[in-house]
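*Asks:* Coordinates in structure-v1.cif, mmCIF, C-alpha atoms, are listed below.
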data_final
loop_
_atom_site.label_atom_id
_atom_site.label_comp_id
_atom_site.auth_asym_id
_atom_site.auth_seq_id
_atom_site.Cartn_x
_atom_site.Cartn_y
_atom_site.Cartn_z
CA MET A 6 31.96 66.69 75.05
CA SER A 7 35.38 66.09 73.54
CA LYS A 8 35.81 64.64 70.07
CA LYS A 9 36.54 60.96 69.70
CA SER A 10 40.22 60.14 69.61
CA HIS A 11 41.83 57.78 67.13
CA SER A 12 41.71 55.07 69.83
CA THR A 13 37.90 55.10 69.80
CA LYS A 14 37.34 54.49 66.10
CA THR A 15 34.91 51.66 65.41
CA THR A 16 37.50 49.22 64.11
CA GLU A 17 39.40 49.54 67.40
CA SER A 18 36.41 49.36 69.75
CA ASN A 19 36.20 46.54 72.27
CA SER A 20 34.65 43.24 71.25
CA LYS A 21 31.23 42.63 72.75
CA TYR A 22 32.51 39.18 73.75
CA VAL A 23 34.76 38.60 76.76
CA HIS A 24 36.94 35.73 77.98
CA LEU A 25 37.32 34.24 74.50
CA GLU A 26 39.92 31.84 75.83
CA LYS A 27 37.26 30.24 78.04
CA MET A 28 34.83 29.55 75.19
CA SER A 29 34.32 26.05 73.82
CA THR A 30 35.24 25.40 70.21
CA ILE A 31 31.58 25.38 69.17
CA ASP A 32 30.93 28.69 70.95
CA LEU A 33 33.95 30.27 69.27
CA LEU A 34 32.81 29.14 65.84
CA CYS A 35 29.16 30.10 66.33
CA ASN A 36 30.01 33.53 67.71
CA ILE A 37 32.45 34.29 64.88
CA ASN A 38 29.82 33.15 62.39
CA ASN A 39 27.16 35.32 64.03
CA GLU A 40 29.42 38.35 63.67
CA ASP A 41 30.21 37.48 60.05
CA LYS A 42 26.49 37.37 59.23
CA THR A 43 26.27 41.11 59.89
CA VAL A 44 28.80 42.02 57.21
CA PRO A 45 26.52 41.77 54.12
CA GLN A 46 23.94 43.88 55.92
CA SER A 47 26.53 46.60 56.45
CA ILE A 48 27.54 46.43 52.80
CA GLU A 49 23.93 46.68 51.64
CA LYS A 50 23.73 50.16 53.15
CA THR A 51 26.65 51.29 50.98
CA ILE A 52 25.44 49.95 47.60
CA PRO A 53 24.51 53.44 46.28
CA LYS A 54 28.09 54.56 47.00
CA ILE A 55 29.53 51.42 45.39
CA LYS A 56 27.36 52.09 42.34
CA LYS A 57 28.81 55.59 41.95
CA LEU A 58 32.36 54.26 42.21
CA VAL A 59 31.74 51.46 39.68
CA ASP A 60 30.17 53.84 37.16
CA ALA A 61 33.06 56.29 37.51
CA ALA A 62 35.70 53.56 37.21
CA TYR A 63 33.89 52.09 34.20
CA GLU A 64 33.93 55.49 32.51
CA ASN A 65 37.72 55.51 32.82
CA MET A 66 38.29 51.85 31.97
CA SER A 67 35.99 51.93 28.93
CA GLN A 68 38.36 54.54 27.52
CA GLY A 69 41.43 52.40 28.11
CA GLY A 70 42.22 53.38 31.68
CA ARG A 71 43.47 51.01 34.33
CA LEU A 72 42.22 50.20 37.83
CA PHE A 73 44.70 50.48 40.71
CA TYR A 74 44.40 49.28 44.30
CA ILE A 75 46.74 50.41 47.08
CA GLY A 76 46.74 49.18 50.65
CA ALA A 77 48.85 47.89 53.53
CA GLY A 78 48.75 44.59 55.37
CA THR A 79 45.53 42.61 54.95
CA SER A 80 43.97 45.41 52.89
CA GLY A 81 46.89 45.45 50.49
CA ARG A 82 46.84 41.67 50.14
CA LEU A 83 43.12 41.70 49.35
CA GLY A 84 43.71 44.23 46.58
CA ILE A 85 46.47 42.09 45.10
CA VAL A 86 44.27 38.98 45.22
CA ASP A 87 41.45 40.76 43.40
CA ALA A 88 43.76 42.26 40.78
CA SER A 89 45.60 38.97 40.16
CA GLU A 90 42.34 37.09 39.57
CA CYS A 91 41.05 39.40 36.82
CA PRO A 92 43.25 38.13 33.94
CA PRO A 93 42.55 34.39 34.41
CA THR A 94 38.87 34.90 35.21
CA PHE A 95 37.96 37.52 32.64
CA GLY A 96 40.78 37.35 30.10
CA VAL A 97 41.83 40.97 30.52
CA GLU A 98 45.45 41.70 29.84
CA THR A 99 47.86 41.63 32.80
CA GLY A 100 48.32 45.20 34.00
CA ARG A 101 44.73 46.31 33.44
CA VAL A 102 43.96 45.85 37.15
CA ILE A 103 46.96 46.43 39.42
CA GLY A 104 47.31 45.78 43.15
CA ILE A 105 50.07 47.49 45.12
CA ILE A 106 50.95 46.77 48.76
CA ALA A 107 53.00 48.89 51.15
CA GLY A 108 56.40 47.27 51.52
CA GLY A 109 56.38 45.71 48.06
CA ASP A 110 55.95 42.06 47.09
CA ALA A 111 57.79 40.89 50.21
CA ALA A 112 54.87 42.23 52.26
CA ILE A 113 52.44 39.85 50.57
CA ARG A 114 53.74 37.00 52.74
CA LYS A 115 55.37 38.76 55.67
CA ALA A 116 54.69 42.08 57.41
CA VAL A 117 57.20 44.80 56.56
CA GLU A 118 57.75 47.00 59.60
CA PHE A 119 56.46 50.57 59.33
CA ALA A 120 55.83 50.28 55.58
CA GLU A 121 52.28 51.53 56.05
CA ASP A 122 53.55 54.69 57.78
CA ASP A 123 55.60 55.90 54.78
CA GLU A 124 53.64 58.78 53.23
CA LYS A 125 56.01 59.21 50.27
CA GLN A 126 56.29 55.61 49.09
CA ALA A 127 52.78 55.16 47.69
CA TRP A 128 53.24 57.72 44.95
CA LYS A 129 56.68 56.31 44.15
CA ASP A 130 55.10 52.87 43.78
CA LEU A 131 52.29 54.22 41.59
CA SER A 132 54.72 56.22 39.46
CA ILE A 133 56.47 53.02 38.40
CA TYR A 134 53.29 52.22 36.43
CA LYS A 135 53.05 55.77 35.03
CA ILE A 136 49.59 56.22 36.55
CA ASN A 137 47.73 59.07 34.86
CA LYS A 138 44.35 60.79 34.48
CA LYS A 139 42.95 57.91 32.41
CA ASP A 140 43.33 55.58 35.40
CA PHE A 141 41.26 55.10 38.56
CA LEU A 142 42.79 54.55 42.02
CA ILE A 143 41.12 52.83 44.99
CA GLY A 144 42.68 53.00 48.45
CA ILE A 145 41.88 50.09 50.78
CA ALA A 146 42.28 50.60 54.53
CA ALA A 147 40.10 49.16 57.27
CA SER A 148 41.06 51.88 59.74
CA GLY A 149 40.92 54.63 57.14
CA SER A 150 44.01 56.15 58.72
CA THR A 151 46.87 54.37 56.94
CA PRO A 152 49.42 57.05 55.91
CA TYR A 153 50.63 55.08 52.87
CA VAL A 154 47.07 54.97 51.54
CA PHE A 155 45.79 58.46 52.24
CA ALA A 156 49.02 60.04 51.04
CA GLY A 157 48.79 58.08 47.79
CA LEU A 158 45.19 59.17 47.25
CA LYS A 159 46.02 62.79 48.09
CA LYS A 160 48.84 62.90 45.56
CA ALA A 161 46.66 61.24 42.93
CA GLN A 162 43.94 63.87 43.45
CA GLU A 163 46.54 66.61 43.05
CA LYS A 164 47.45 65.02 39.70
CA GLY A 165 43.82 64.98 38.55
CA ILE A 166 43.37 61.22 38.96
CA ARG A 167 39.98 59.95 40.13
CA THR A 168 40.05 58.18 43.48
CA GLY A 169 37.88 55.89 45.60
CA CYS A 170 38.32 54.00 48.82
CA ILE A 171 37.05 51.09 50.89
CA VAL A 172 37.25 51.80 54.63
CA CYS A 173 35.47 50.56 57.75
CA ASN A 174 35.26 53.78 59.79
CA LYS A 175 33.24 56.93 59.20
CA GLY A 176 34.93 60.26 58.49
CA SER A 177 38.42 58.84 57.98
CA GLU A 178 41.53 60.49 56.56
CA VAL A 179 41.52 58.07 53.63
CA ALA A 180 37.90 58.90 52.76
CA LYS A 181 38.76 62.60 52.80
CA PHE A 182 40.97 62.07 49.75
CA ALA A 183 38.55 59.78 47.89
CA ASP A 184 36.20 61.19 45.27
CA TYR A 185 34.08 58.05 45.69
CA PRO A 186 34.36 56.85 49.31
CA ILE A 187 32.85 53.56 50.44
CA GLU A 188 32.54 53.34 54.21
CA VAL A 189 31.42 49.89 55.38
CA VAL A 190 31.10 50.14 59.16
CA VAL A 191 30.96 46.56 60.45
CA GLY A 192 31.41 47.36 64.12
CA ALA A 193 33.72 45.87 66.71
CA GLU A 194 35.65 42.77 65.72
CA PHE A 195 35.23 39.43 67.53
CA VAL A 196 38.88 39.73 68.56
CA THR A 197 39.30 43.40 69.46
CA GLY A 198 41.04 45.30 66.67
CA SER A 199 41.58 42.24 64.43
CA THR A 200 40.48 43.85 61.19
CA ARG A 201 41.46 40.77 59.19
CA MET A 202 38.08 39.43 60.35
CA LYS A 203 34.82 41.32 59.63
CA SER A 204 36.56 44.35 58.11
CA GLY A 205 38.63 42.13 55.83
CA THR A 206 35.55 40.15 54.84
CA ALA A 207 33.72 43.37 54.01
CA GLN A 208 36.59 44.62 51.89
CA LYS A 209 36.82 41.33 50.01
CA LEU A 210 33.08 41.31 49.27
CA VAL A 211 33.13 44.92 48.06
CA LEU A 212 36.16 44.22 45.86
CA ASN A 213 34.29 41.25 44.36
CA MET A 214 31.36 43.54 43.62
CA ILE A 215 33.51 46.24 42.05
CA SER A 216 35.74 44.13 39.81
CA THR A 217 33.00 41.70 38.74
CA SER A 218 30.59 44.52 37.87
CA LEU A 219 33.31 46.31 35.92
CA MET A 220 34.28 43.22 33.95
CA ILE A 221 30.64 42.50 33.08
CA LYS A 222 30.13 46.10 31.96
CA LEU A 223 33.33 45.85 29.89
CA GLY A 224 31.85 42.87 28.02
CA ARG A 225 33.94 40.15 29.64
CA VAL A 226 30.92 37.96 30.52
CA LYS A 227 28.28 36.54 28.15
CA GLY A 228 25.02 35.54 29.80
CA SER A 229 26.48 34.40 33.10
CA LYS A 230 29.54 32.69 31.60
CA MET A 231 33.23 33.61 31.79
CA VAL A 232 33.74 33.34 28.04
CA ASP A 233 37.17 35.00 28.10
CA MET A 234 38.68 32.97 30.95
CA GLN A 235 42.22 31.68 30.47
CA LEU A 236 42.60 27.93 29.97
CA SER A 237 45.18 27.52 32.70
CA ASN A 238 44.17 24.08 34.00
CA ASN A 239 42.09 21.01 33.14
CA LYS A 240 39.15 22.17 35.26
CA LEU A 241 38.84 25.36 33.20
CA ILE A 242 39.26 23.48 29.92
CA ASN A 243 36.42 21.17 30.95
CA ARG A 244 34.27 24.12 31.97
CA GLY A 245 34.94 25.86 28.66
CA THR A 246 34.16 22.67 26.76
CA LYS A 247 30.75 22.41 28.42
CA MET A 248 30.00 26.08 27.68
CA ILE A 249 30.71 25.58 23.99
CA ALA A 250 28.76 22.33 23.82
CA GLU A 251 25.72 23.98 25.40
CA GLU A 252 25.92 27.12 23.26
CA LEU A 253 26.50 25.40 19.93
CA GLY A 254 24.63 22.15 20.50
CA VAL A 255 27.64 19.98 19.67
CA ASP A 256 29.16 17.00 21.47
CA GLU A 257 31.90 17.59 24.03
CA LEU A 258 34.68 16.14 21.86
CA THR A 259 33.89 18.64 19.11
CA ALA A 260 33.53 21.41 21.67
CA LYS A 261 36.94 20.68 23.18
CA GLU A 262 38.60 20.64 19.76
CA LEU A 263 37.06 24.05 19.01
CA LEU A 264 38.19 25.39 22.38
CA ILE A 265 41.79 24.25 21.96
CA LYS A 266 41.91 25.53 18.38
CA HIS A 267 40.56 29.01 19.12
CA GLY A 268 42.01 29.57 22.58
CA ASN A 269 38.92 30.58 24.53
CA VAL A 270 35.16 30.10 24.66
CA ARG A 271 34.25 33.39 23.01
CA ASN A 272 36.47 32.88 19.96
CA ALA A 273 35.35 29.28 19.54
CA ILE A 274 31.68 30.26 19.53
CA ILE A 275 32.22 33.19 17.16
CA ALA A 276 34.23 31.02 14.75
CA LYS A 277 31.61 28.26 14.63
CA LYS A 278 28.65 30.62 14.26
#
Could the structure of this file be written out as structure tokens, please?

*Replies:*
Amino acid sequence: MSKKSHSTKTTESNSKYVHLEKMSTIDLLCNINNEDKTVPQSIEKTIPKIKKLVDAAYENMSQGGRLFYIGAGTSGRLGIVDASECPPTFGVETGRVIGIIAGGDAAIRKAVEFAEDDEKQAWKDLSIYKINKKDFLIGIAASGSTPYVFAGLKKAQEKGIRTGCIVCNKGSEVAKFADYPIEVVVGAEFVTGSTRMKSGTAQKLVLNMISTSLMIKLGRVKGSKMVDMQLSNNKLINRGTKMIAEELGVDELTAKELLIKHGNVRNAIIAKK
């Protein structure tokens, strides 16, 4: 029996649904939802691998290292979203978690033709940030075959930088160059080959798990509260006010004054105690 070709990888396999255009709206929605329900089950099988990656990344970050994500298309955008949410959510300095997408910032909104096929550009993009052995690099690629991603991981390994990946096929090229591979096989997409669907959902959930676990381990959460969050809007100021009021047993006016004076929940609580 011949080996499977690239065209038969799981992310490219045919949808188990046919004639989507003939489905009613309710059937479309229910069938998409039924497929989405399977994603957390697929992730559950990979938790031991996620644990190894988180522990390794924490070892680097606890010593001052940074976390990098690289990807193309949807995968790259998901990495950028996760990285950009860490400073406001957890109060870490900008540049501690960095997302890089093939094709540069222009590719965040619009596809850049053939950017994902450039094997040399990933390392050039990483080099701008002077990535080094203290840092940890995660490649994100649903197919696991994106040249930009696997070439970036390969070069990083050659430089002694620890690597991980989030892919949705087994035995991929990207995983081959990851010290800590996470392979979440979610099966055929509802729309054949549309990896922005289940594969993208899986990647987003795993990224949530990785970054949130890391920030908790790095001391950026107290109890279950985001005590270092940035006060970038009224909603967050109100949330911080309630945290302080609950923790210190003071009225909300006093709590808000403390919050504004000290800049975040953690500092306000420390100052009052």

*Asks:* Starting from the shown file, work through the PyMOL selection byres ((chain A and resi 276) around 12) and note down what comes out as a VMD selection string.

*Replies:* chain A and resid 249 253 260 263 to 264 266 to 275 277 to 278

*Asks:* Apply the PyMOL selection byres ((chain A and resi 155-172) around 6) to the structure shown and report the selected residues as a PyMOL selection string.

*Replies:* chain A and resi 124+127-128+138+141-147+149+152-154+173-174+179+182-188

*Asks:* Please, what distance in Å, to one decimal, runs between atom CA of A:Lys135 and atom CA of A:Pro93?

*Replies:* 23.8 Å

*Asks:* Residues within 12 Å of A:Glu64, please, as a list in words. Count only C-alpha atoms; anything in the same chain fewer than 2 positions from it doesn't count.

*Replies:*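 The contact residues come out as Lys57, Leu58, Val59, Asp60, Ala61, Ala62, Met66, Ser67, Gln68, Gly69, Gly70, Arg71, Leu72, Lys138, Lys139, Asp140, Phe141, Arg167, Leu219, Lys222 and Leu223 of chain A.
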
*Asks:* Rank A:Asn243, A:Thr197, A:Gln208, A:Gln235 by their smallest atom-to-atom distance to A:Phe95, using all atoms listed in the file, and report the top residue only.

*Replies:*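 Nearest to A:Phe95: A:Gln235.
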
*Asks:* Choose the residue, out of A:Ala120, A:Val189, A:Met231, A:Met202, that has the smallest atom-to-atom separation from A:Ala77; count only C-alpha atoms.

*Replies:*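 The shortest atom-to-atom distance to A:Ala77 comes from A:Ala120.
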
*Asks:* Write out as a PDB file with C-alpha atoms, in the frame of the given file each polymer residue whose atoms come within 10 Å of A:Met214, counting all atoms listed in the file; drop sequence neighbours fewer than 3 positions from it.

*Replies:*
ATOM      1  CA  ILE A  52      25.440  49.950  47.600  1.00  0.00           C
ATOM      2  CA  ILE A  55      29.530  51.420  45.390  1.00  0.00           C
ATOM      3  CA  LYS A  56      27.360  52.090  42.340  1.00  0.00           C
ATOM      4  CA  VAL A  59      31.740  51.460  39.680  1.00  0.00           C
ATOM      5  CA  GLN A 208      36.590  44.620  51.890  1.00  0.00           C
ATOM      6  CA  LYS A 209      36.820  41.330  50.010  1.00  0.00           C
ATOM      7  CA  LEU A 210      33.080  41.310  49.270  1.00  0.00           C
ATOM      8  CA  VAL A 211      33.130  44.920  48.060  1.00  0.00           C
ATOM      9  CA  THR A 217      33.000  41.700  38.740  1.00  0.00           C
ATOM     10  CA  SER A 218      30.590  44.520  37.870  1.00  0.00           C
ATOM     11  CA  LEU A 219      33.310  46.310  35.920  1.00  0.00           C
TER      12      LEU A 219
END

*Asks:* Name the closest residue to A:Asp130 among the candidates A:Glu98, A:Tyr74, A:Lys27, A:Tyr22; distances are taken between atoms, counting all atoms listed in the file.

*Replies:*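 Using all atoms listed in the file, the shortest distance to A:Asp130 belongs to A:Tyr74.
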
*Asks:* Would you please work out which residue, of A:Ala111, A:Pro92, A:Asn137, A:Ile85, is nearest to A:Asn65 when using all atoms listed in the file?

*Replies:* A:Asn137

*Asks:* Could you work out how far atom CA of A:Glu262 lies from atom CA of A:Asn238, giving the answer in Å with one decimal?

*Replies:*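 Spanning atom CA of A:Asn238 to atom CA of A:Glu262 is a straight-line distance of 15.7 Å.
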
*Asks:* So how far away is atom CA of A:Ile105 from atom CA of A:Tyr134, in Å?

*Replies:*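 Taking atom CA of A:Tyr134 and atom CA of A:Ile105, their separation equals 10.4 Å.
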
*Asks:* Using all atoms listed in the file, find the one residue out of A:Gln46, A:Ser229, A:Thr15, A:Ser216 that sits nearest to A:Ile103.

*Replies:*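 Ranked by minimum distance to A:Ile103, first place goes to A:Ser216.
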
*Asks:* So, counting all atoms listed in the file, which residue among A:Glu17, A:Glu194, A:Asp123, A:Glu118 is closest to A:Asn39?

*Replies:*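 Closest to A:Asn39 of all the choices is A:Glu194.
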
*Asks:* Can you list, as a list in words, every protein, DNA or RNA residue that comes within 12 Å of A:Glu251 when you count only C-alpha atoms, leaving out same-chain residues fewer than 4 positions away?

*Replies:* Lys230, Arg244, Gly245, Thr246, Lys247, Val255, Asp256, Glu257, Thr259, Ala260, Lys261, Val270 and Ile274 of chain A

*Asks:* Spell out the residues picked by the PyMOL selection byres ((chain A and resi 87) around 8) here, as a ChimeraX atom specification.

*Replies:* /A:83-86,88-91,104,212-213,216

*Asks:* Keeping C-alpha atoms for every residue in the selection just given, could you write it to a file as a compact mmCIF listing (two decimals), keeping the file's coordinate frame?

*Replies:*
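Now in out-v1.txt:
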# COMPACT_ATOMS: atom_id res chain seq x y z
CA LEU A 83 43.12 41.70 49.35
CA GLY A 84 43.71 44.23 46.58
CA ILE A 85 46.47 42.09 45.10
CA VAL A 86 44.27 38.98 45.22
CA ALA A 88 43.76 42.26 40.78
CA SER A 89 45.60 38.97 40.16
CA GLU A 90 42.34 37.09 39.57
CA CYS A 91 41.05 39.40 36.82
CA GLY A 104 47.31 45.78 43.15
CA LEU A 212 36.16 44.22 45.86
CA ASN A 213 34.29 41.25 44.36
CA SER A 216 35.74 44.13 39.81
